Amino acid sequence: MKNRTKWLCMLFLMGIFSVFAQQKNVTGAITDFEGLPLPGVNILVKGTITGTQSDFDGNYAIQASTGDVLVFSYLGQKTVEITVGASDTINVQMEQDTQALEEVVVVGYGNQEERKIIQNVGIVKEEAIENLQVVSADQLLQGQSAGTQIVNASGVLGSAAVIRVRGVNSINSGSQPLIVIDGVPITDTAGNTLNRGGNTGINPLSYVNPNDIASLTVLKDAGATSIYGSRGANGVILITTKKGRKNSRTSVTLDVNTAYSESTDVPDILTADEFRQFKSEVATLQNGTPTSPEDLGLGALGSGGTDWLGGVQRTGISQNYNLGIRGGSEKTSFFFGLDFQDTEGFIVGNDQQRAGARINIDTEVTEWLKAGMNLGVTNNRLNRVGVENNINAPFTTAFLQSPVVRAFDDEGNFAQSGSFIPNIFARVALNTDELKTFRVIGNAFTEVTPIKGLTWRSEFGIDKLSLEEFIRNAEFNSPGGFAQQIFVNEDRWLTNQTLNYTDTFAEDHSLTVLLGLNYEETLRTRSNVSSTGFLTDDLRNLGSGSTPTVLNGDRFPSRLFGLFSRVTYDYKGKYIAEGSIRRDGSSRFGANNRFGYFWSAAAGWTLSEEDFIRDLNFFDFLSLRASIGTVGNDRLGTFPSLGLFNAGPIADYNGESGVIPNQPENPDLKWEESETLDIGLKSTFLNGRVTFNASYFQKTTSDLLLNQVLPPQTGFTSISRNIGEMENTGWEFELNTVNVRKENFTWRTNFNLTSIKNKVLRLNEDAATDTQGRRIIDGPIQRAIEGESLNNFFLIRYVGVNPQTGDAEWLDVDGNITNNPSSNDRVVTGSPLPDFSGGITNIINYKNFDFSFLMNYSYGNEVVIDGLRFADGNDAIGGIVNIRRQNLNYWRQPGDNAFLPSPTSSTFNLFNQRSSQQQLDASYLRLKNVTLGYSLPQQALDKLGGLFQSIRLYATATNLFTIKADEMDGIDPEVTDDIDPLFQGESFFTAPQAKSYSFGARIQF
């Protein structure tokens, strides 16, 4: 017995030694179907957890034994399995798997093969965004998708961007697109927080970590958006976060970077002594006698002052940490992410801390059951400052404040400014303005496949937002002190139930049918409390104030119920037809129009499958497509159709509580509806080196929500009704080229251009009319005109300073020179809408280096910088505000080409009036992002002990330079202070974009 045991132990040990003796270091190179190195390929010893990835040059090394099977897998390539033999070298050339590559494209309520998409969608894939370092997700889209224009409204952290998909599609109901994250439409209510000047609200995309995003898909035509029914008129942006990878080793990626930010450009304003000298010279000329700065109460030259604009700026330093864990087995894949962002803005008092976590997991429970979850949690703290046209806005106040006003007294304490323009240094330092948010966005799903071709997907999602805003003003800034606290909870839960059936019959015919149900409930509650009368600034809590000033609360519920279907027919991949229909019911609509129907029809013809195109031997792929359909816009508010009343102190009567009518009932109110015709061409040629896409669209929006004047006897001034019509037509072009494709050098370029024309077809019958009898919607700067664009700058035309007389000159309504214009001389002077806009991306790889730069541009649009009415001229507000340096160039003698008229001219004090003098050419070309990276070669990684799969060092700059008109010197052309379509392209000392430089490392274990 002992001998048998001894022999068994010896055989076992010999078996172990034999296994170790057979293990060896297998190396090789992996290339794609063209023979180019393929980095990031997953290599796994089949049946084990042993694995690795190929490096930047496609090389790999792995420990394996003779007889082991190595599995090589990569997205878009066919999986390769090779048995280890006697050789220590295994080189692999992978074959492109077109079907696997195409399946990653996400569309409404499902996926589609990219080659067979016959709707107009813009696709931004992971490789286009993985190296971009941005603060919020909307910046990933800038310049990357034709027909999608994104304007970062200001450089203030947290401000929402203005996003337009195929132009302005509404007048009063908003033109922001619907944003869907992993199947969950998120809420983006702008009115959740207090207004800080400018009407942009908090950026809804600041709640998703850009590093967690795998792709973005922009749905543009009705064929793509009608499946979202009453919410798709402004386009839909689908954001898909990163998922795991099946049959791959678990990889851990750590990305750490430090960023430095500063202002891109600010106006050059006068120093204290320049201001004194200017005022003294002007007064001397006007009075006819020498007038010193002391005579004007400005102090003597050299007596000091304050650089207010320099004082509200700083170099912002930010830290960003991202951890991603990604992998999967044969049946389960997972992605886990953690991020922390500590961002310091270049504006004093403006900083943000964001911490987030994400887990995405899906598993094949059985052959017929799949389950998964996508969940993101974000905690955000934002120290807010005013955006513009607000006494708490650092840039506005710094521009306006006189440079001779002292910020500190002789003892170093804050000094009062002596005017309505406050000491902004004191406000930033002593006041508290903090916004805290906690948000959960996610869903859980199951997919059941009871029979082949039929899948039932059951999905439950949530979007939960908790918001707390706290303001505490010190005694110095608000006598008695002031505190305000706002609590907002906005909860949305939803369920999507879909049945998807796919069948191929008679070999060449394929049919896909989608049936779905969508139900959503949203409840927003808001409470607002404020008080004043604090004994000391040390008492921070709102309850310490002696006098409550505001106490109110609101509740805004809404519901949506939708039934939808989509049918797709495919013959040989050559002829494709698709139709969709959706029936939406919404609590936002009137009782008589609670439900609506939205539909689309699309067809595509793959010409490259036809023999007469194949015979040309030129096109790799060529298709034509067309679609038509309807879609809605439900951004009408929560209770737009109901008769509402006001209660509280405003309605008290004789000491008793009461209510008073506030809004008339309108049971006929319904969604704004858009009908879109879209025709497009997609092509690839020169062996995949060139891709060219072109589209034409015509989009007519009817039932626009407009205010109709009511008779005085009704007790109301107006009522909202569906009575307008507007049209957008345009062209979109996309050109993608592989300029160089060699073993150690590749260069790719992506270019897109969009041109859109807008026209208001009809306004309400009782609207105001102009002198030509056209109906209009008039504002102080812009006028919407029936038969013309929605956005027209309507101003007095400024000519300039007459070199001979020194008088400022304008044009009257008839085009004649005048020195004393009136509001009746206003005419159309331009538009904030560009003639065309787009972006250019270049990606270059050379050996271990990668270099990319993204440029966005806009041409033909103008902006009105309304703040120039105060920053130009002499006496905008009693002579107490600072001015730009070009005002020193005032007319002195005949022949002068001056900026400012003669101080003795009767037009000198008229110069400040609103006119085209403040209207500037906002065309620009901006280097939005430039990145240089270096990946350590495999030899260097091996010297580090084999711990690291890859190490990439990078440097990124954003908004590095901007090419723009000379008159825009000191002014950011990419600016607007309002997401409201009627105020596009207007600004009042809005803070410019940030220029930033970041340095970091991405390490993969």
# chains A, B, ... in the order shown; residues from 1 in each chain; ligands from 1
>>> residues_around(residues="Ile202 in chain A", least_positions_apart="3", cutoff="6 Å", atoms="only C-alpha atoms", output="ChimeraX atom specification")
/A:158-160
>>> write_last_selection(atoms="N, CA and C atoms", output="short mmCIF file (atom, residue, chain, number, x, y, z; two decimals), in the first residue's frame")
data_model
loop_
_atom_site.label_atom_id
_atom_site.label_comp_id
_atom_site.auth_asym_id
_atom_site.auth_seq_id
_atom_site.Cartn_x
_atom_site.Cartn_y
_atom_site.Cartn_z
N GLY A 158 -20.73 74.56 -15.26
CA GLY A 158 -22.07 74.07 -15.03
C GLY A 158 -23.12 74.64 -15.95
N SER A 159 -22.80 75.68 -16.74
CA SER A 159 -23.79 76.28 -17.62
C SER A 159 -24.13 75.34 -18.76
N ALA A 160 -25.42 75.27 -19.09
CA ALA A 160 -25.86 74.39 -20.17
C ALA A 160 -25.46 74.95 -21.52
#
>>> residues_around(residues="Ala994 in chain A", least_positions_apart="6", cutoff="9 Å", atoms="only C-alpha atoms", output="MDAnalysis selection string")
chainID A and resid 154:156 261:265 345:346 958:959
>>> closest_atom_pairs(of="range 388-430 of chain A", to="range 468-474 of chain A", cutoff="10 Å", atoms="only C-alpha atoms", output="CSV")
residue,atom,partner,partner_atom,distance
A:Ala426,CA,A:Ala474,CA,9.1
A:Arg427,CA,A:Asn473,CA,7.8
A:Val428,CA,A:Asn473,CA,9.8
A:Ala429,CA,A:Ala474,CA,9.6
A:Leu430,CA,A:Ala474,CA,5.9
>>> write_last_selection(atoms="C-alpha atoms", output="compact mmCIF listing (two decimals), in the first residue's frame")
# COMPACT_ATOMS: atom_id res chain seq x y z
CA ALA A 426 -16.44 91.23 -1.52
CA ARG A 427 -19.39 89.35 -2.97
CA VAL A 428 -17.28 86.44 -4.12
CA ALA A 429 -15.27 86.26 -0.90
CA LEU A 430 -18.02 86.78 1.68
>>> closest_atom_pairs(of="range 155-229 of chain A", to="range 304-328 of chain A", cutoff="12 Å", atoms="only C-alpha atoms", output="JSON lines")
{"residue": "A:Gly155", "atom": "CA", "partner": "A:Gln313", "partner_atom": "CA", "distance": 11.6}
{"residue": "A:Val156", "atom": "CA", "partner": "A:Gln313", "partner_atom": "CA", "distance": 11.7}
{"residue": "A:Leu157", "atom": "CA", "partner": "A:Gly316", "partner_atom": "CA", "distance": 11.3}
{"residue": "A:Asn209", "atom": "CA", "partner": "A:Asn322", "partner_atom": "CA", "distance": 9.0}
{"residue": "A:Pro210", "atom": "CA", "partner": "A:Asn322", "partner_atom": "CA", "distance": 10.0}
{"residue": "A:Asn211", "atom": "CA", "partner": "A:Asn322", "partner_atom": "CA", "distance": 7.3}
{"residue": "A:Asp212", "atom": "CA", "partner": "A:Gly324", "partner_atom": "CA", "distance": 8.1}
{"residue": "A:Ile213", "atom": "CA", "partner": "A:Gly324", "partner_atom": "CA", "distance": 11.5}
>>> write_last_selection(atoms="N, CA and C atoms", output="PDB file, in the first residue's frame")
ATOM      1  N   GLY A 155     -18.299  80.501 -20.215  1.00  0.00           N
ATOM      2  CA  GLY A 155     -17.213  79.797 -19.562  1.00  0.00           C
ATOM      3  C   GLY A 155     -17.484  79.498 -18.108  1.00  0.00           C
ATOM      4  N   VAL A 156     -18.686  79.823 -17.608  1.00  0.00           N
ATOM      5  CA  VAL A 156     -19.037  79.546 -16.224  1.00  0.00           C
ATOM      6  C   VAL A 156     -19.296  78.051 -16.078  1.00  0.00           C
ATOM      7  N   LEU A 157     -18.651  77.425 -15.103  1.00  0.00           N
ATOM      8  CA  LEU A 157     -18.805  75.990 -14.899  1.00  0.00           C
ATOM      9  C   LEU A 157     -20.257  75.632 -14.631  1.00  0.00           C
ATOM     10  N   ASN A 209     -20.331  60.975 -16.754  1.00  0.00           N
ATOM     11  CA  ASN A 209     -18.893  61.069 -16.922  1.00  0.00           C
ATOM     12  C   ASN A 209     -18.527  60.856 -18.386  1.00  0.00           C
ATOM     13  N   PRO A 210     -17.870  61.833 -19.041  1.00  0.00           N
ATOM     14  CA  PRO A 210     -17.498  61.652 -20.453  1.00  0.00           C
ATOM     15  C   PRO A 210     -16.632  60.420 -20.690  1.00  0.00           C
ATOM     16  N   ASN A 211     -15.826  60.025 -19.703  1.00  0.00           N
ATOM     17  CA  ASN A 211     -14.962  58.849 -19.870  1.00  0.00           C
ATOM     18  C   ASN A 211     -15.745  57.539 -19.890  1.00  0.00           C
ATOM     19  N   ASP A 212     -17.008  57.584 -19.439  1.00  0.00           N
ATOM     20  CA  ASP A 212     -17.838  56.379 -19.445  1.00  0.00           C
ATOM     21  C   ASP A 212     -18.603  56.191 -20.748  1.00  0.00           C
ATOM     22  N   ILE A 213     -18.517  57.153 -21.660  1.00  0.00           N
ATOM     23  CA  ILE A 213     -19.337  57.120 -22.868  1.00  0.00           C
ATOM     24  C   ILE A 213     -18.636  56.317 -23.963  1.00  0.00           C
TER      25      ILE A 213
END
>>> atom_distance(atom1="CA of Gln23 in chain A", atom2="CA of Leu38 in chain A")
25.7 Å
>>> closest_residue(among="A:Ser248, A:Glu743, A:Asp221, A:Val134", to="Val41 in chain A", atoms="only C-alpha atoms")
A:Ser248
